[in-house]
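As stored in query28.csv (CSV, N, CA and C atoms and all ligand atoms):
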```
chain,number,residue,atom,x,y,z
A,1,MET,N,90.9,122.2,92.5
A,1,MET,CA,91.0,121.4,93.8
A,1,MET,C,92.3,121.9,94.6
A,2,GLU,N,92.2,121.9,95.9
A,2,GLU,CA,93.3,122.3,96.7
A,2,GLU,C,94.5,121.2,96.6
A,3,PRO,N,95.7,121.7,96.5
A,3,PRO,CA,96.8,120.8,96.4
A,3,PRO,C,96.9,119.8,97.6
A,4,GLY,N,96.5,120.2,98.8
A,4,GLY,CA,96.5,119.3,99.9
A,4,GLY,C,95.4,118.2,99.7
A,5,GLN,N,94.3,118.6,99.1
A,5,GLN,CA,93.3,117.6,98.9
A,5,GLN,C,93.7,116.6,97.9
A,6,ILE,N,94.4,117.0,96.8
A,6,ILE,CA,94.9,116.1,95.8
A,6,ILE,C,96.0,115.2,96.4
A,7,ALA,N,96.8,115.7,97.3
A,7,ALA,CA,97.8,114.9,98.0
A,7,ALA,C,97.2,113.8,98.8
A,8,LYS,N,96.0,114.1,99.4
A,8,LYS,CA,95.3,113.1,100.2
A,8,LYS,C,94.8,112.0,99.3
A,9,PHE,N,94.2,112.4,98.1
A,9,PHE,CA,93.7,111.4,97.2
A,9,PHE,C,94.8,110.5,96.6
A,10,LYS,N,95.9,111.2,96.4
A,10,LYS,CA,97.1,110.4,95.8
A,10,LYS,C,97.5,109.4,96.8
A,11,GLN,N,97.6,109.7,98.1
A,11,GLN,CA,97.9,108.8,99.2
A,11,GLN,C,97.0,107.6,99.2
A,12,GLN,N,95.6,107.9,99.1
A,12,GLN,CA,94.6,106.9,99.1
A,12,GLN,C,94.8,105.9,97.9
A,13,LEU,N,95.1,106.5,96.7
A,13,LEU,CA,95.3,105.8,95.5
A,13,LEU,C,96.5,104.9,95.6
A,14,LEU,N,97.6,105.4,96.2
A,14,LEU,CA,98.8,104.6,96.3
A,14,LEU,C,98.6,103.5,97.3
A,15,ALA,N,97.8,103.7,98.3
A,15,ALA,CA,97.4,102.6,99.2
A,15,ALA,C,96.6,101.5,98.5
A,16,GLN,N,95.6,102.0,97.7
A,16,GLN,CA,94.8,101.0,96.9
A,16,GLN,C,95.7,100.2,96.0
A,17,ARG,N,96.6,100.9,95.4
A,17,ARG,CA,97.5,100.3,94.4
A,17,ARG,C,98.4,99.2,95.1
A,18,ALA,N,98.9,99.5,96.3
A,18,ALA,CA,99.7,98.6,97.0
A,18,ALA,C,98.8,97.3,97.4
A,19,ASP,N,97.6,97.6,97.8
A,19,ASP,CA,96.7,96.5,98.1
A,19,ASP,C,96.4,95.6,97.0
A,20,LEU,N,96.2,96.2,95.8
A,20,LEU,CA,95.9,95.4,94.6
A,20,LEU,C,97.1,94.6,94.2
A,21,LEU,N,98.3,95.2,94.3
A,21,LEU,CA,99.5,94.5,93.9
A,21,LEU,C,99.7,93.2,94.9
A,22,THR,N,99.4,93.4,96.2
A,22,THR,CA,99.5,92.3,97.1
A,22,THR,C,98.5,91.2,96.7
A,23,GLN,N,97.3,91.6,96.4
A,23,GLN,CA,96.2,90.6,96.0
A,23,GLN,C,96.6,89.9,94.8
A,24,LEU,N,97.2,90.6,93.8
A,24,LEU,CA,97.6,90.0,92.6
A,24,LEU,C,98.7,89.0,92.8
A,25,ALA,N,99.7,89.4,93.7
A,25,ALA,CA,100.8,88.5,94.0
A,25,ALA,C,100.3,87.3,94.7
A,26,THR,N,99.3,87.4,95.6
A,26,THR,CA,98.7,86.3,96.3
A,26,THR,C,98.0,85.4,95.3
A,27,LEU,N,97.2,85.9,94.4
A,27,LEU,CA,96.5,85.1,93.4
A,27,LEU,C,97.5,84.4,92.5
A,28,ARG,N,98.5,85.1,92.1
A,28,ARG,CA,99.5,84.4,91.1
A,28,ARG,C,100.3,83.4,91.9
A,29,GLY,N,100.7,83.8,93.1
A,29,GLY,CA,101.5,82.8,93.9
A,29,GLY,C,100.7,81.6,94.3
A,30,GLY,N,99.4,81.8,94.4
A,30,GLY,CA,98.5,80.7,94.9
A,30,GLY,C,98.1,79.8,93.8
A,31,ASN,N,98.3,80.2,92.5
A,31,ASN,CA,97.9,79.4,91.4
A,31,ASN,C,98.3,77.9,91.4
A,32,ILE,N,99.6,77.7,91.6
A,32,ILE,CA,100.1,76.3,91.5
A,32,ILE,C,99.6,75.5,92.6
A,33,SER,N,99.6,76.0,93.8
A,33,SER,CA,99.1,75.2,94.9
A,33,SER,C,97.6,74.8,94.8
A,34,ARG,N,96.8,75.8,94.3
A,34,ARG,CA,95.4,75.6,94.2
A,34,ARG,C,95.2,74.5,93.1
A,35,VAL,N,95.8,74.6,92.0
A,35,VAL,CA,95.7,73.6,90.9
A,35,VAL,C,96.2,72.3,91.4
A,36,GLU,N,97.3,72.2,92.0
A,36,GLU,CA,97.8,71.0,92.5
A,36,GLU,C,96.9,70.3,93.5
A,37,ALA,N,96.3,71.1,94.4
A,37,ALA,CA,95.4,70.6,95.4
A,37,ALA,C,94.2,70.0,94.8
A,38,SER,N,93.6,70.7,93.7
A,38,SER,CA,92.4,70.1,93.1
A,38,SER,C,92.8,68.9,92.3
A,39,ALA,N,94.0,68.9,91.7
A,39,ALA,CA,94.4,67.8,90.9
A,39,ALA,C,94.6,66.5,91.8
A,40,ALA,N,95.1,66.8,93.0
A,40,ALA,CA,95.3,65.7,93.9
A,40,ALA,C,93.9,65.2,94.4
A,41,HIS,N,93.0,66.1,94.6
A,41,HIS,CA,91.7,65.8,95.2
A,41,HIS,C,90.9,65.0,94.2
A,42,PHE,N,91.0,65.3,92.9
A,42,PHE,CA,90.2,64.6,91.9
A,42,PHE,C,91.1,63.6,91.1
A,43,GLY,N,92.3,63.4,91.6
A,43,GLY,CA,93.3,62.6,90.9
A,43,GLY,C,92.8,61.2,90.6
A,44,ASN,N,91.9,60.6,91.4
A,44,ASN,CA,91.4,59.2,91.1
A,44,ASN,C,90.1,59.2,90.3
A,45,ARG,N,89.8,60.4,89.7
A,45,ARG,CA,88.5,60.4,89.0
A,45,ARG,C,88.8,60.9,87.5
A,46,GLU,N,89.6,60.2,86.8
A,46,GLU,CA,89.8,60.5,85.4
A,46,GLU,C,88.5,60.1,84.7
A,47,PRO,N,88.1,60.9,83.6
A,47,PRO,CA,88.8,62.0,83.1
A,47,PRO,C,88.3,63.4,83.7
A,48,ASP,N,87.4,63.3,84.7
A,48,ASP,CA,86.8,64.5,85.2
A,48,ASP,C,87.9,65.5,85.8
A,49,SER,N,88.9,64.9,86.3
A,49,SER,CA,89.9,65.7,87.0
A,49,SER,C,90.5,66.8,86.1
A,50,ARG,N,90.7,66.5,84.9
A,50,ARG,CA,91.2,67.5,83.9
A,50,ARG,C,90.3,68.7,83.8
A,51,ALA,N,89.0,68.4,83.6
A,51,ALA,CA,88.0,69.5,83.5
A,51,ALA,C,88.0,70.4,84.8
A,52,GLN,N,88.1,69.7,85.9
A,52,GLN,CA,88.1,70.4,87.2
A,52,GLN,C,89.2,71.4,87.3
A,53,VAL,N,90.4,70.9,86.9
A,53,VAL,CA,91.6,71.7,86.9
A,53,VAL,C,91.4,72.9,86.0
A,54,GLU,N,90.9,72.7,84.8
A,54,GLU,CA,90.7,73.7,83.8
A,54,GLU,C,89.8,74.8,84.4
A,55,THR,N,88.7,74.4,85.1
A,55,THR,CA,87.7,75.3,85.7
A,55,THR,C,88.4,76.1,86.7
A,56,GLU,N,89.2,75.5,87.6
A,56,GLU,CA,90.0,76.2,88.6
A,56,GLU,C,90.9,77.3,87.9
A,57,ARG,N,91.5,76.9,86.9
A,57,ARG,CA,92.4,77.8,86.2
A,57,ARG,C,91.6,79.0,85.6
A,58,GLU,N,90.5,78.8,85.0
A,58,GLU,CA,89.7,79.8,84.5
A,58,GLU,C,89.2,80.8,85.6
A,59,LEU,N,88.9,80.2,86.7
A,59,LEU,CA,88.4,81.0,87.9
A,59,LEU,C,89.6,81.9,88.3
A,60,GLU,N,90.7,81.4,88.5
A,60,GLU,CA,91.9,82.2,88.9
A,60,GLU,C,92.2,83.3,87.9
A,61,PHE,N,92.1,82.9,86.6
A,61,PHE,CA,92.3,83.9,85.5
A,61,PHE,C,91.3,85.0,85.6
A,62,ALA,N,90.0,84.7,85.8
A,62,ALA,CA,89.0,85.7,85.9
A,62,ALA,C,89.2,86.7,87.1
A,63,LEU,N,89.6,86.1,88.2
A,63,LEU,CA,89.9,87.0,89.4
A,63,LEU,C,91.1,87.9,89.1
A,64,ASP,N,92.1,87.3,88.5
A,64,ASP,CA,93.3,88.0,88.1
A,64,ASP,C,93.0,89.2,87.2
A,65,THR,N,92.1,88.9,86.2
A,65,THR,CA,91.7,89.9,85.3
A,65,THR,C,91.0,91.1,86.0
A,66,ARG,N,90.2,90.8,86.9
A,66,ARG,CA,89.4,91.8,87.6
A,66,ARG,C,90.4,92.7,88.4
A,67,GLU,N,91.3,92.0,89.2
A,67,GLU,CA,92.3,92.8,90.0
A,67,GLU,C,93.1,93.7,89.0
A,68,SER,N,93.5,93.1,87.9
A,68,SER,CA,94.4,93.8,87.0
A,68,SER,C,93.7,95.0,86.4
A,69,ALA,N,92.4,94.9,86.1
A,69,ALA,CA,91.6,96.0,85.6
A,69,ALA,C,91.5,97.1,86.6
A,70,GLU,N,91.3,96.7,87.9
A,70,GLU,CA,91.2,97.7,89.0
A,70,GLU,C,92.5,98.5,89.1
A,71,LEU,N,93.6,97.7,89.0
A,71,LEU,CA,94.9,98.3,89.1
A,71,LEU,C,95.1,99.3,88.0
A,72,GLU,N,94.6,99.0,86.8
A,72,GLU,CA,94.8,99.9,85.7
A,72,GLU,C,94.0,101.2,86.0
A,73,VAL,N,92.8,101.1,86.5
A,73,VAL,CA,92.0,102.3,86.8
A,73,VAL,C,92.7,103.2,87.8
A,74,VAL,N,93.3,102.5,88.9
A,74,VAL,CA,94.0,103.3,89.9
A,74,VAL,C,95.2,104.0,89.3
A,75,ASP,N,96.0,103.2,88.5
A,75,ASP,CA,97.1,103.8,87.8
A,75,ASP,C,96.8,105.0,87.0
A,76,THR,N,95.7,104.9,86.2
A,76,THR,CA,95.2,106.0,85.4
A,76,THR,C,94.9,107.2,86.2
A,77,ALA,N,94.3,107.0,87.4
A,77,ALA,CA,94.0,108.1,88.3
A,77,ALA,C,95.3,108.8,88.7
A,78,LEU,N,96.3,108.0,89.1
A,78,LEU,CA,97.6,108.5,89.5
A,78,LEU,C,98.3,109.3,88.4
A,79,HIS,N,98.2,108.8,87.2
A,79,HIS,CA,98.7,109.5,86.1
A,79,HIS,C,98.0,110.9,85.9
A,80,ARG,N,96.7,110.9,86.1
A,80,ARG,CA,96.0,112.1,85.9
A,80,ARG,C,96.3,113.1,87.0
A,81,ILE,N,96.6,112.6,88.2
A,81,ILE,CA,97.1,113.6,89.2
A,81,ILE,C,98.4,114.2,88.8
A,82,ASP,N,99.3,113.4,88.2
A,82,ASP,CA,100.6,113.9,87.7
A,82,ASP,C,100.4,114.9,86.6
A,83,ALA,N,99.4,114.6,85.7
A,83,ALA,CA,99.2,115.4,84.6
A,83,ALA,C,98.4,116.7,84.9
A,84,GLY,N,97.8,116.7,86.1
A,84,GLY,CA,97.1,117.9,86.6
A,84,GLY,C,95.6,118.0,86.2
A,85,ASP,N,95.1,116.9,85.7
A,85,ASP,CA,93.7,116.9,85.3
A,85,ASP,C,92.8,115.9,86.1
A,86,TYR,N,93.3,115.6,87.3
A,86,TYR,CA,92.6,114.7,88.2
A,86,TYR,C,91.4,115.4,88.8
A,87,GLY,N,90.3,114.7,88.9
A,87,GLY,CA,89.0,115.2,89.5
A,87,GLY,C,88.1,115.8,88.4
A,88,ILE,N,88.5,115.7,87.1
A,88,ILE,CA,87.7,116.2,86.1
A,88,ILE,C,87.1,115.0,85.3
A,89,CYS,N,85.8,115.0,85.1
A,89,CYS,CA,85.1,113.9,84.4
A,89,CYS,C,85.7,113.7,83.0
A,90,THR,N,86.2,112.5,82.7
A,90,THR,CA,86.9,112.3,81.4
A,90,THR,C,85.8,112.3,80.3
A,91,ASP,N,84.6,112.2,80.6
A,91,ASP,CA,83.5,112.2,79.6
A,91,ASP,C,83.0,113.6,79.3
A,92,CYS,N,82.4,114.3,80.3
A,92,CYS,CA,81.8,115.6,80.1
A,92,CYS,C,82.6,116.8,80.5
A,93,GLY,N,83.7,116.5,81.3
A,93,GLY,CA,84.6,117.6,81.6
A,93,GLY,C,84.3,118.4,82.8
A,94,ILE,N,83.2,118.1,83.6
A,94,ILE,CA,82.9,118.8,84.8
A,94,ILE,C,83.8,118.4,85.9
A,95,ASP,N,83.9,119.2,87.0
A,95,ASP,CA,84.6,118.8,88.2
A,95,ASP,C,83.8,117.7,88.9
A,96,ILE,N,84.4,116.6,89.2
A,96,ILE,CA,83.7,115.6,90.0
A,96,ILE,C,83.7,116.0,91.4
A,97,PRO,N,82.5,116.0,92.1
A,97,PRO,CA,82.4,116.4,93.5
A,97,PRO,C,83.3,115.7,94.4
A,98,ILE,N,83.9,116.5,95.3
A,98,ILE,CA,84.9,115.9,96.3
A,98,ILE,C,84.3,114.7,97.0
A,99,ALA,N,83.0,114.8,97.4
A,99,ALA,CA,82.4,113.7,98.1
A,99,ALA,C,82.5,112.3,97.3
A,100,ARG,N,82.3,112.5,96.0
A,100,ARG,CA,82.4,111.3,95.2
A,100,ARG,C,83.8,110.7,95.1
A,101,LEU,N,84.7,111.6,95.0
A,101,LEU,CA,86.2,111.2,95.0
A,101,LEU,C,86.6,110.6,96.3
A,102,GLN,N,86.0,111.1,97.4
A,102,GLN,CA,86.4,110.6,98.7
A,102,GLN,C,85.9,109.1,98.8
A,103,ALA,N,84.7,108.9,98.2
A,103,ALA,CA,84.1,107.5,98.2
A,103,ALA,C,84.9,106.6,97.3
A,104,ALA,N,85.3,107.1,96.1
A,104,ALA,CA,86.0,106.3,95.1
A,104,ALA,C,87.0,107.2,94.4
A,105,PRO,N,88.2,107.4,95.0
A,105,PRO,CA,89.2,108.3,94.5
A,105,PRO,C,89.7,107.9,93.1
A,106,GLU,N,89.5,106.6,92.7
A,106,GLU,CA,90.0,106.2,91.4
A,106,GLU,C,89.0,106.5,90.2
A,107,THR,N,87.8,107.0,90.6
A,107,THR,CA,86.8,107.2,89.5
A,107,THR,C,87.2,108.3,88.5
A,108,PRO,N,87.1,108.0,87.2
A,108,PRO,CA,87.4,109.0,86.2
A,108,PRO,C,86.1,109.8,85.7
A,109,LEU,N,84.9,109.3,86.3
A,109,LEU,CA,83.6,109.8,85.7
A,109,LEU,C,82.8,110.5,86.8
A,110,CYS,N,82.0,111.5,86.5
A,110,CYS,CA,81.0,112.1,87.4
A,110,CYS,C,79.9,111.1,87.5
A,111,VAL,N,79.0,111.3,88.4
A,111,VAL,CA,77.9,110.4,88.7
A,111,VAL,C,77.0,110.2,87.4
A,112,ASN,N,76.7,111.3,86.8
A,112,ASN,CA,75.9,111.3,85.6
A,112,ASN,C,76.4,110.4,84.5
A,113,CYS,N,77.7,110.6,84.2
A,113,CYS,CA,78.4,109.8,83.2
A,113,CYS,C,78.5,108.3,83.6
A,114,GLN,N,78.8,108.1,84.9
A,114,GLN,CA,78.9,106.7,85.4
A,114,GLN,C,77.5,106.0,85.2
A,115,THR,N,76.4,106.7,85.6
A,115,THR,CA,75.1,106.1,85.4
A,115,THR,C,74.8,105.8,84.0
A,116,LYS,N,75.1,106.8,83.1
A,116,LYS,CA,74.9,106.6,81.7
A,116,LYS,C,75.7,105.3,81.2
A,117,LEU,N,76.9,105.2,81.6
A,117,LEU,CA,77.8,104.1,81.2
A,117,LEU,C,77.2,102.8,81.7
A,118,GLU,N,76.7,102.8,82.9
A,118,GLU,CA,76.1,101.5,83.5
A,118,GLU,C,74.9,101.1,82.8
A,119,SER,N,74.0,102.1,82.4
A,119,SER,CA,72.8,101.8,81.8
A,119,SER,C,73.1,101.2,80.3
A,120,LEU,N,74.2,101.7,79.7
A,120,LEU,CA,74.6,101.2,78.4
A,120,LEU,C,75.0,99.7,78.6
A,121,HIS,N,75.7,99.4,79.7
A,121,HIS,CA,76.2,98.0,79.9
A,121,HIS,C,75.1,97.1,80.2
A,122,GLN,N,74.0,97.6,80.7
A,122,GLN,CA,72.9,96.7,81.1
A,122,GLN,C,72.1,96.2,79.9
A,123,THR,N,72.1,97.0,78.8
A,123,THR,CA,71.3,96.6,77.6
A,123,THR,C,71.9,95.5,76.8
B,201,ZN,ZN,80.6,113.5,83.4
```

Could you write out this file's structure as C-alpha cells?
Amino acid sequence: MEPGQIAKFKQQLLAQRADLLTQLATLRGGNISRVEASAAHFGNREPDSRAQVETERELEFALDTRESAELEVVDTALHRIDAGDYGICTDCGIDIPIARLQAAPETPLCVNCQTKLESLHQT
C-alpha cells in the first residue's frame, strides 16, 4: 500500500478514536445524572425503584462495553499501521482491498474471513 494511502487511513482512525473517546467520556460522565434522574423519578415507588436503577446501570454498562470494544479495534488498527502490517487480513494474510478499508479502516479481516466469522457467530 502507498505510504500516502496509509497516512489517510491513519488520520481516519485517529478521528474515529477521538470520537469514541468523546462518546465514552459522555457515557461515563452521564452515568450519575441518569441514575439519579431515574431514582428521583421512581423514588416514590419502592421497591421497584431499585430494580429500575439497576436496569439503567446495566444499560449504561452495555453501551460502555460496546464503545470500549470499538475503541480497542481502532487502537489495534493503529498499532498495525505502526508495525507495518496494516491492510493485511489477520486471518488468511491476503491484502484487504482498499475499497473495504475506505469503508471501514479499522477492519482487520478481508470480506471472506469477516463473512466466515459472522456465520460462526450466528450458529
Ligand atoms: Zn482473510

Report summary line: Min atom-atom distance to ligand ZN 201 (chain B) from the set A:Ile98, A:Val73, A:Ala103, A:Cys92, counting only N, CA and C atoms and all ligand atoms, belongs to A:Cys92

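Inspection of the environment of ligand ZN 201 (chain B), which uses only N, CA and C atoms and all ligand atoms and a cut-off of 8 Å, identifies the neighbouring residues as Ile88, Cys89, Thr90, Asp91, Cys92, Gly93, Ile94, Asp95, Ile96, Pro108, Leu109, Cys110, Val111, Asn112, Cys113 and Gln114 of chain A.
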
Query raised in the report: For the atom pair atom CA of A:Glu118 and atom C of A:Glu106, what is the interatomic distance in Å to one decimal place?
Result: 15.4 Å

Requested in this report: Taking the chain letters and numbering used in this document, name the residues of chain A that DSSP puts in alpha helix (DSSP H), as number ranges by chain.
Outcome: A: 3-41, 48-83, 98-103, 111-122

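As for atom C of A:Asp82 and atom N of A:Thr107, they are spaced 15.4 Å apart.
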
Query raised in the report: Counting all atoms listed in the file, what is within 7 Å of stretch 21-24 of chain A, bar same-chain residues fewer than 3 positions away, as JSON, numbers by chain?
Result: {"A": [16, 17, 18, 27, 28, 29, 64, 67, 68, 71]}

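Across the model, the gap from atom CA of A:Leu78 to atom CA of A:Thr26 is 23.2 Å.
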
Query raised in the report: Leaving out A:Ile81 and any residue of its chain fewer than 6 positions from it, which residues lie within 10 Å of it when counting only C-alpha atoms, given as an MDAnalysis selection string?
Result: chainID A and resid 6:7 9:10 75 87
